[in-house]
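The file upload-v6.txt comes next; it holds compact mmCIF, C-alpha atoms and all ligand atoms.
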```
# COMPACT_ATOMS: atom_id res chain seq x y z
CA MET A 1 80.07 154.51 121.74
CA ILE A 2 82.02 151.55 120.45
CA PRO A 3 85.03 152.79 118.44
CA ILE A 4 85.04 151.66 114.81
CA LYS A 5 88.52 151.37 113.31
CA ASN A 6 89.21 152.76 109.84
CA GLN A 7 91.82 151.31 107.49
CA GLU A 8 94.64 153.04 109.34
CA GLY A 9 93.37 151.85 112.71
CA ILE A 10 92.99 148.32 111.43
CA ALA A 11 96.56 148.37 110.09
CA GLY A 12 97.81 149.66 113.46
CA MET A 13 95.87 147.00 115.34
CA ARG A 14 97.19 144.28 113.04
CA GLU A 15 100.78 145.20 113.84
CA ALA A 16 100.29 145.55 117.60
CA CYS A 17 98.38 142.28 117.76
CA ARG A 18 100.94 140.41 115.68
CA ILE A 19 103.69 141.50 118.04
CA ALA A 20 101.57 140.65 121.09
CA ALA A 21 101.02 137.16 119.68
CA THR A 22 104.70 136.72 118.88
CA VAL A 23 105.72 137.71 122.40
CA LEU A 24 103.13 135.36 123.87
CA ALA A 25 104.26 132.46 121.68
CA LYS A 26 107.87 132.96 122.74
CA MET A 27 106.88 133.26 126.38
CA ARG A 28 105.01 129.98 126.30
CA THR A 29 108.12 128.14 125.12
CA LEU A 30 109.96 129.51 128.17
CA ALA A 31 107.36 128.33 130.69
CA LEU A 32 109.25 125.23 131.87
CA PRO A 33 109.82 123.51 135.20
CA GLY A 34 112.35 125.35 137.34
CA VAL A 35 111.71 128.76 135.76
CA SER A 36 110.39 131.54 138.00
CA THR A 37 107.43 133.66 136.99
CA TYR A 38 109.68 136.69 137.49
CA ASP A 39 112.09 135.39 134.83
CA LEU A 40 109.20 134.87 132.43
CA ASP A 41 107.99 138.41 132.97
CA GLN A 42 111.45 139.89 132.48
CA GLU A 43 111.95 137.92 129.28
CA ALA A 44 108.63 139.23 127.97
CA LYS A 45 109.69 142.78 128.80
CA ARG A 46 112.91 142.33 126.82
CA LEU A 47 111.03 140.84 123.89
CA MET A 48 108.52 143.68 123.77
CA GLU A 49 111.35 146.20 123.78
CA SER A 50 113.15 144.31 121.01
CA PHE A 51 110.05 144.88 118.84
CA GLY A 52 109.82 148.55 119.78
CA ALA A 53 106.70 147.87 121.82
CA ARG A 54 105.96 148.57 125.48
CA SER A 55 103.89 146.79 128.08
CA ALA A 56 100.41 148.28 128.51
CA CYS A 57 100.21 146.59 131.92
CA PHE A 58 103.24 148.12 133.60
CA ASN A 59 102.10 151.01 135.78
CA TYR A 60 98.49 150.54 134.69
CA ARG A 61 95.96 151.98 137.17
CA PRO A 62 92.27 151.18 136.73
CA SER A 63 91.52 154.20 138.95
CA ARG A 64 93.39 156.94 140.80
CA SER A 65 93.11 155.08 144.10
CA HIS A 66 94.27 151.75 142.71
CA ARG A 67 97.85 150.56 143.12
CA ALA A 68 99.77 150.69 139.83
CA TYR A 69 100.37 147.30 138.24
CA PRO A 70 104.03 146.45 138.99
CA ALA A 71 104.89 143.89 136.28
CA TYR A 72 105.06 143.74 132.47
CA THR A 73 102.74 140.82 131.88
CA CYS A 74 100.17 138.98 133.96
CA ILE A 75 101.24 135.48 135.03
CA SER A 76 98.62 133.53 136.97
CA VAL A 77 99.37 130.05 138.34
CA ASN A 78 96.76 127.36 139.18
CA GLU A 79 94.04 128.94 141.37
CA GLU A 80 95.11 132.40 140.21
CA VAL A 81 92.58 133.53 137.62
CA VAL A 82 94.19 136.67 136.16
CA HIS A 83 96.52 139.58 137.03
CA GLY A 84 99.11 137.42 138.82
CA ILE A 85 102.42 139.23 139.39
CA GLY A 86 105.64 137.41 138.51
CA THR A 87 107.94 136.75 141.45
CA ILE A 88 111.27 134.99 141.96
CA LYS A 89 109.59 132.94 144.67
CA ARG A 90 107.19 131.25 142.27
CA ILE A 91 109.06 128.47 140.52
CA LEU A 92 107.04 126.52 137.99
CA ARG A 93 106.78 122.82 138.63
CA PRO A 94 105.09 119.78 137.10
CA GLY A 95 101.34 119.83 137.56
CA ASP A 96 101.07 123.63 137.37
CA ILE A 97 99.02 125.54 134.83
CA VAL A 98 100.07 129.07 134.01
CA SER A 99 97.99 131.80 132.41
CA LEU A 100 100.21 134.19 130.44
CA ASP A 101 98.57 137.49 129.47
CA VAL A 102 100.40 139.90 127.16
CA VAL A 103 99.02 143.38 126.51
CA LEU A 104 101.33 145.73 124.64
CA GLU A 105 101.29 149.04 122.85
CA TYR A 106 102.96 149.52 119.49
CA GLU A 107 102.80 152.85 117.67
CA GLY A 108 99.76 153.89 119.66
CA TRP A 109 97.71 150.71 119.22
CA ILE A 110 97.16 147.92 121.73
CA GLY A 111 97.18 144.16 121.23
CA ASP A 112 95.88 141.86 123.96
CA ASN A 113 96.12 138.07 124.15
CA ALA A 114 96.45 135.29 126.68
CA THR A 115 96.91 131.56 126.87
CA THR A 116 97.21 128.98 129.61
CA VAL A 117 100.13 126.56 129.43
CA ARG A 118 100.63 123.32 131.29
CA ILE A 119 103.74 122.13 133.07
CA ASP A 120 103.38 118.41 132.41
CA PRO A 121 102.23 116.12 133.72
CA VAL A 122 98.92 117.69 134.77
CA SER A 123 95.87 115.88 136.09
CA PRO A 124 93.17 114.77 133.62
CA ALA A 125 90.73 117.22 135.25
CA VAL A 126 93.09 120.14 134.68
CA GLU A 127 93.77 119.01 131.13
CA ARG A 128 90.05 119.06 130.46
CA LEU A 129 89.73 122.54 132.01
CA LEU A 130 92.30 123.86 129.54
CA LYS A 131 90.73 122.15 126.53
CA VAL A 132 87.27 123.43 127.40
CA THR A 133 88.42 127.00 128.05
CA GLU A 134 90.33 127.25 124.79
CA ALA A 135 87.46 125.71 122.85
CA ALA A 136 85.06 128.15 124.56
CA LEU A 137 87.18 131.04 123.29
CA TYR A 138 86.97 129.83 119.68
CA HIS A 139 83.28 129.07 120.07
CA GLY A 140 82.71 132.61 121.38
CA ILE A 141 84.76 134.13 118.56
CA SER A 142 82.62 132.32 115.99
CA PHE A 143 79.67 134.44 117.18
CA ALA A 144 81.54 137.75 116.69
CA LYS A 145 79.74 138.23 113.40
CA VAL A 146 78.38 141.44 111.92
CA GLY A 147 74.65 141.60 112.70
CA ASN A 148 74.96 139.55 115.89
CA ARG A 149 75.00 141.19 119.31
CA ILE A 150 77.64 141.11 122.03
CA GLY A 151 75.31 138.98 124.15
CA ASP A 152 75.49 136.27 121.50
CA ILE A 153 79.21 135.91 122.20
CA SER A 154 78.59 135.94 125.95
CA HIS A 155 75.87 133.34 125.77
CA ALA A 156 77.92 131.10 123.50
CA VAL A 157 80.85 131.06 125.93
CA GLN A 158 78.71 130.51 128.99
CA SER A 159 76.59 127.70 127.58
CA PHE A 160 79.64 125.93 126.19
CA VAL A 161 81.52 126.07 129.50
CA GLU A 162 78.60 125.18 131.74
CA ALA A 163 77.67 122.19 129.58
CA GLU A 164 81.10 120.84 130.53
CA GLY A 165 80.45 121.33 134.24
CA PHE A 166 82.79 124.30 134.72
CA SER A 167 81.91 127.89 135.62
CA VAL A 168 82.62 131.27 134.00
CA VAL A 169 84.01 134.12 136.04
CA ARG A 170 81.43 136.91 136.15
CA ASP A 171 83.22 139.76 137.86
CA MET A 172 85.78 140.22 135.07
CA VAL A 173 84.96 140.68 131.40
CA GLY A 174 86.39 140.90 127.90
CA HIS A 175 86.45 144.32 126.26
CA GLY A 176 86.94 146.46 123.21
CA VAL A 177 90.61 147.31 122.63
CA GLY A 178 92.33 149.87 120.42
CA ARG A 179 94.03 153.11 121.37
CA SER A 180 93.30 152.10 124.97
CA MET A 181 93.49 148.74 126.65
CA HIS A 182 89.85 148.89 127.71
CA GLU A 183 87.28 150.39 125.36
CA GLU A 184 83.60 149.78 124.93
CA PRO A 185 81.95 147.34 124.80
CA GLN A 186 82.31 145.11 127.82
CA ILE A 187 82.15 141.46 126.76
CA PRO A 188 80.96 139.30 129.65
CA ASN A 189 81.46 135.55 129.44
CA PHE A 190 77.85 135.03 130.45
CA GLY A 191 74.62 136.52 129.17
CA ARG A 192 71.61 136.20 126.95
CA LYS A 193 71.35 135.84 123.20
CA GLY A 194 70.15 138.89 121.32
CA THR A 195 71.16 141.37 124.04
CA GLY A 196 73.80 144.08 124.10
CA ASP A 197 75.30 146.16 121.33
CA LYS A 198 75.05 145.22 117.67
CA ILE A 199 78.29 144.03 116.12
CA ARG A 200 79.41 146.19 113.18
CA PRO A 201 82.45 145.96 110.89
CA GLY A 202 85.68 147.48 112.22
CA MET A 203 85.31 146.65 115.90
CA THR A 204 88.34 145.20 117.67
CA LEU A 205 87.28 142.99 120.54
CA ALA A 206 89.31 141.20 123.22
CA ILE A 207 87.35 138.04 123.94
CA GLU A 208 88.65 136.28 127.03
CA PRO A 209 86.90 133.46 128.85
CA MET A 210 88.12 132.94 132.42
CA VAL A 211 86.91 129.51 133.50
CA ASN A 212 86.93 128.05 137.00
CA THR A 213 86.85 124.39 137.95
CA GLY A 214 84.43 124.99 140.83
CA THR A 215 82.72 128.16 141.97
CA HIS A 216 82.61 131.16 139.62
CA ARG A 217 83.35 133.42 142.58
CA ILE A 218 86.70 135.16 142.81
CA GLU A 219 88.73 137.07 145.42
CA THR A 220 91.57 139.58 145.12
CA LEU A 221 94.69 138.96 147.19
CA SER A 222 96.22 141.60 149.49
CA ASP A 223 98.69 142.65 146.77
CA GLY A 224 95.71 144.47 145.28
CA TRP A 225 95.95 142.66 141.94
CA THR A 226 96.13 138.88 141.96
CA VAL A 227 92.67 137.44 141.37
CA VAL A 228 92.08 133.88 142.65
CA SER A 229 89.13 131.51 142.58
CA ALA A 230 87.25 131.74 145.87
CA ASP A 231 87.56 127.96 146.39
CA ARG A 232 91.24 127.98 145.30
CA ARG A 233 90.57 125.38 142.63
CA PRO A 234 92.35 125.74 139.26
CA SER A 235 91.29 128.37 136.74
CA ALA A 236 92.15 128.86 133.05
CA HIS A 237 92.20 131.87 130.73
CA PHE A 238 92.50 132.21 126.95
CA GLU A 239 92.20 135.44 124.98
CA HIS A 240 92.42 136.80 121.44
CA THR A 241 91.92 140.23 119.93
CA VAL A 242 89.45 139.87 117.06
CA LEU A 243 88.54 142.23 114.19
CA THR A 244 84.92 142.10 113.06
CA THR A 245 84.47 142.18 109.28
CA GLU A 246 81.73 141.66 106.71
CA ASN A 247 83.40 138.30 106.08
CA GLY A 248 83.29 137.22 109.71
CA PRO A 249 85.64 137.50 112.67
CA GLU A 250 89.35 137.74 112.00
CA ILE A 251 91.74 136.83 114.82
CA LEU A 252 94.46 139.51 114.91
CA THR A 253 96.60 137.96 117.63
CA ILE A 254 98.11 135.40 115.31
CA GLN A 255 101.85 134.98 115.47
CA GLY A 256 103.92 136.48 112.67
CA ALA A 257 107.53 137.03 111.74
N1 LIG B 301 94.03 141.17 129.59
C1 LIG B 301 93.92 141.86 130.85
C2 LIG B 301 92.73 142.76 130.80
O1 LIG B 301 92.15 142.89 129.77
C3 LIG B 301 95.19 142.57 131.13
C4 LIG B 301 95.19 143.46 132.28
S1 LIG B 301 96.71 144.19 132.39
C5 LIG B 301 96.81 144.86 133.94
O2 LIG B 301 92.28 143.33 131.78
F1 LIG B 301 97.43 145.96 133.80
F2 LIG B 301 95.64 145.08 134.44
F3 LIG B 301 97.46 144.06 134.65
CO CO B 302 92.05 141.64 127.94
```
I need this file expressed as structure tokens, please.
Amino acid sequence: MIPIKNQEGIAGMREACRIAATVLAKMRTLALPGVSTYDLDQEAKRLMESFGARSACFNYRPSRSHRAYPAYTCISVNEEVVHGIGTIKRILRPGDIVSLDVVLEYEGWIGDNATTVRIDPVSPAVERLLKVTEAALYHGISFAKVGNRIGDISHAVQSFVEAEGFSVVRDMVGHGVGRSMHEEPQIPNFGRKGTGDKIRPGMTLAIEPMVNTGTHRIETLSDGWTVVSADRRPSAHFEHTVLTTENGPEILTIQGA
């Protein structure tokens, strides 16, 4: 069952998402040459706390046997696709791209968003990877319309990305989000039109294309979390939490005061 949010749930999601977007926007201004990914993560932790929110990532365990996530945000550099762990050893430098993923809980509701920033100058190929991935997110969101199906979003993202010669990661997916970080439905970034669950008003969906330069295949490093492209070529990630309404999709992870 896909949870449908009532007015109260929508209000809660609006707040959590607004804070998540504000933290992400601040974090991206701090992603500069010479800064460590550990410092970025710590700053995000402080910011979340200043808003009365808490990281939904810290200590997160996908299953009982899985190692708890040790950081407050996910920071993934270059060939890292998602779930990178900030460390003092990783100093950002020109040419890097950095996926910043902020998932936080505020008053029982969860907001989830991500962006990939560039530490200039980056190569033209990497610049195009970022442009295409971000545009694929907005293209996918435009299909999150009442009456469509989840597969319409998936197909839109995949066809957009592949037409540009890049590949979509298949082993990780977008998801419903609300009281929990991961709710139904799963939202793959590949699929067929007209398949999957029907989109109804009041769904809150985290749509998140992960796009690789080369192969779509991924590997997980020995830390148990960091996901990298199998060919170690650069990967980008953009994400918004979206509310479905009778008037079309509404992006909730928009920065506010
Ligand atoms: N946006 C990511 C996701 O939806 C965040 C994962 S947080 C972590 O899966 F706890 F898994 F690190
Ligand atoms: Co997510």
Practice task
Find, counting all atoms listed in the file, the residue in A:Val173, A:Ile141, A:Val168, A:Ala114 that gets nearest to Arg217 of chain A.
Solution key: A:Val168
Exercise for the section: Please identify the residues whose atoms come within 9 Å of ligand LIG 301 (chain B), using all atoms listed in the file, and report them as a ChimeraX atom specification. Expected result: /A:55-62,68-74,82-85,101-103,112-114,172-175,177,181-182,206-208,225,239
Write the residues you've just listed into a file as a PDB file, in the frame of the given file, and include C-alpha atoms for each of them.
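Result file result34.pdb:
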```pdb
ATOM      1  CA  SER A  55     103.890 146.790 128.080  1.00  0.00           C
ATOM      2  CA  ALA A  56     100.410 148.280 128.510  1.00  0.00           C
ATOM      3  CA  CYS A  57     100.210 146.590 131.920  1.00  0.00           C
ATOM      4  CA  PHE A  58     103.240 148.120 133.600  1.00  0.00           C
ATOM      5  CA  ASN A  59     102.100 151.010 135.780  1.00  0.00           C
ATOM      6  CA  TYR A  60      98.490 150.540 134.690  1.00  0.00           C
ATOM      7  CA  ARG A  61      95.960 151.980 137.170  1.00  0.00           C
ATOM      8  CA  PRO A  62      92.270 151.180 136.730  1.00  0.00           C
ATOM      9  CA  ALA A  68      99.770 150.690 139.830  1.00  0.00           C
ATOM     10  CA  TYR A  69     100.370 147.300 138.240  1.00  0.00           C
ATOM     11  CA  PRO A  70     104.030 146.450 138.990  1.00  0.00           C
ATOM     12  CA  ALA A  71     104.890 143.890 136.280  1.00  0.00           C
ATOM     13  CA  TYR A  72     105.060 143.740 132.470  1.00  0.00           C
ATOM     14  CA  THR A  73     102.740 140.820 131.880  1.00  0.00           C
ATOM     15  CA  CYS A  74     100.170 138.980 133.960  1.00  0.00           C
ATOM     16  CA  VAL A  82      94.190 136.670 136.160  1.00  0.00           C
ATOM     17  CA  HIS A  83      96.520 139.580 137.030  1.00  0.00           C
ATOM     18  CA  GLY A  84      99.110 137.420 138.820  1.00  0.00           C
ATOM     19  CA  ILE A  85     102.420 139.230 139.390  1.00  0.00           C
ATOM     20  CA  ASP A 101      98.570 137.490 129.470  1.00  0.00           C
ATOM     21  CA  VAL A 102     100.400 139.900 127.160  1.00  0.00           C
ATOM     22  CA  VAL A 103      99.020 143.380 126.510  1.00  0.00           C
ATOM     23  CA  ASP A 112      95.880 141.860 123.960  1.00  0.00           C
ATOM     24  CA  ASN A 113      96.120 138.070 124.150  1.00  0.00           C
ATOM     25  CA  ALA A 114      96.450 135.290 126.680  1.00  0.00           C
ATOM     26  CA  MET A 172      85.780 140.220 135.070  1.00  0.00           C
ATOM     27  CA  VAL A 173      84.960 140.680 131.400  1.00  0.00           C
ATOM     28  CA  GLY A 174      86.390 140.900 127.900  1.00  0.00           C
ATOM     29  CA  HIS A 175      86.450 144.320 126.260  1.00  0.00           C
ATOM     30  CA  VAL A 177      90.610 147.310 122.630  1.00  0.00           C
ATOM     31  CA  MET A 181      93.490 148.740 126.650  1.00  0.00           C
ATOM     32  CA  HIS A 182      89.850 148.890 127.710  1.00  0.00           C
ATOM     33  CA  ALA A 206      89.310 141.200 123.220  1.00  0.00           C
ATOM     34  CA  ILE A 207      87.350 138.040 123.940  1.00  0.00           C
ATOM     35  CA  GLU A 208      88.650 136.280 127.030  1.00  0.00           C
ATOM     36  CA  TRP A 225      95.950 142.660 141.940  1.00  0.00           C
ATOM     37  CA  GLU A 239      92.200 135.440 124.980  1.00  0.00           C
TER      38      GLU A 239
END
```
Practice task
For each of A:Ala236, A:Ile153, A:Val81, A:Ile110, take the minimum atom-to-atom distance to Ala125 of chain A, counting all atoms listed in the file, then give the residue where this is smallest.
Solution key: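 With all atoms listed in the file as the atom set, the closest residue is A:Ala236.
Within the 8 Å cut-off around Leu32 of chain A, using all atoms listed in the file and omitting residues fewer than 4 positions from it on the same chain, the listed residues are Leu92, Arg93 and Ile119 of chain A.
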Practice task
Could you tell me which of A:His155, A:Arg54, A:Lys145, A:Lys89 comes closest to Gly194 of chain A if we count all atoms listed in the file?
Solution key: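 Residue with the minimum atom-to-atom distance to Gly194 of chain A: A:His155.
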Quick one: what's the axis-aligned box for segment 175-190 of chain A, all listed atoms, 8 Å on every side, centre and edges in Å to one decimal, as AutoDock Vina command-line options?
```
--center_x 85.9 --center_y 144.1 --center_z 125.4 --size_x 32.2 --size_y 34.1 --size_z 26.0
```
Completion exercise
From the list A:Met48, A:Leu243, A:Val98, A:Leu205, the nearest residue to ligand CO 302 (chain B) using all atoms listed in the file is A:Leu205
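Omitting segment 195-198 of chain A and its sequence neighbours fewer than 3 positions away, and counting only C-alpha atoms, the residues within 6 Å are Asn148, Arg149, Ile150, Gly151 and Arg192 of chain A.
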Exercise for the section: Find the residues around Leu129 of chain A up to 10 Å (all atoms listed in the file counted), leave out those fewer than 4 positions away in its own chain, and share them as a ChimeraX atom specification. Expected result: /A:123-125,133-135,161,164-166,211-213,234-237
Exercise for the section: Using all atoms listed in the file, find all polymer residues with an atom at most 12 Å away from the point (110.7, 123.9, 138.5); report them as a VMD selection string. Expected result: chain A and resid 30 to 37 88 to 96 119 to 120
Handout entry: Among listed residues A:Ile19, A:Leu104, A:Leu40, A:Val126, nearest Gly86 of chain A (using only C-alpha atoms)
Key =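 Ranked by minimum distance to Gly86 of chain A, first place goes to A:Leu40.
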Exercise for the section: Take the point (82.9, 135.8, 109.4) as written in the file and pick out every residue within 9 Å of it, counting all atoms listed in the file; give the list as a ChimeraX atom specification. Expected result: /A:142-146,244-250
List the neighbours of Gly9 of chain A out to 10 Å using only C-alpha atoms; skip same-chain residues closer than 3 positions along the sequence, and give me the result as a CSV table (one decimal) with C-alpha atoms, in the coordinates of the input.
```csv
chain,number,residue,atom,x,y,z
A,4,ILE,CA,85.0,151.7,114.8
A,5,LYS,CA,88.5,151.4,113.3
A,6,ASN,CA,89.2,152.8,109.8
A,12,GLY,CA,97.8,149.7,113.5
A,13,MET,CA,95.9,147.0,115.3
A,14,ARG,CA,97.2,144.3,113.0
A,108,GLY,CA,99.8,153.9,119.7
A,109,TRP,CA,97.7,150.7,119.2
A,178,GLY,CA,92.3,149.9,120.4
A,179,ARG,CA,94.0,153.1,121.4
A,202,GLY,CA,85.7,147.5,112.2
A,204,THR,CA,88.3,145.2,117.7
```
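In this model, the gap between atom CA of Ile97 of chain A and atom CA of Leu24 of chain A comes to 15.3 Å.
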Practice task
Report the distance between atom CA of Ile75 of chain A and atom CA of Leu100 of chain A in Å, rounded to one decimal place.
Solution key: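 Computing the Euclidean distance for atom CA of Ile75 of chain A and atom CA of Leu100 of chain A yields 4.9 Å.
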Handout entry: Separation of atom CA of Val117 of chain A from atom CA of Gly52 of chain A, in Å and rounded to one decimal
Key =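 Value for the atom CA of Val117 of chain A-atom CA of Gly52 of chain A distance: 25.9 Å.
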Exercise for the section: Go through A:Pro209, A:Pro121, A:Gly224, A:Gly214 and flag the residue nearest ligand CO 302 (chain B), using all atoms listed in the file for the distances. Expected result: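 Nearest to ligand CO 302 (chain B): A:Pro209.
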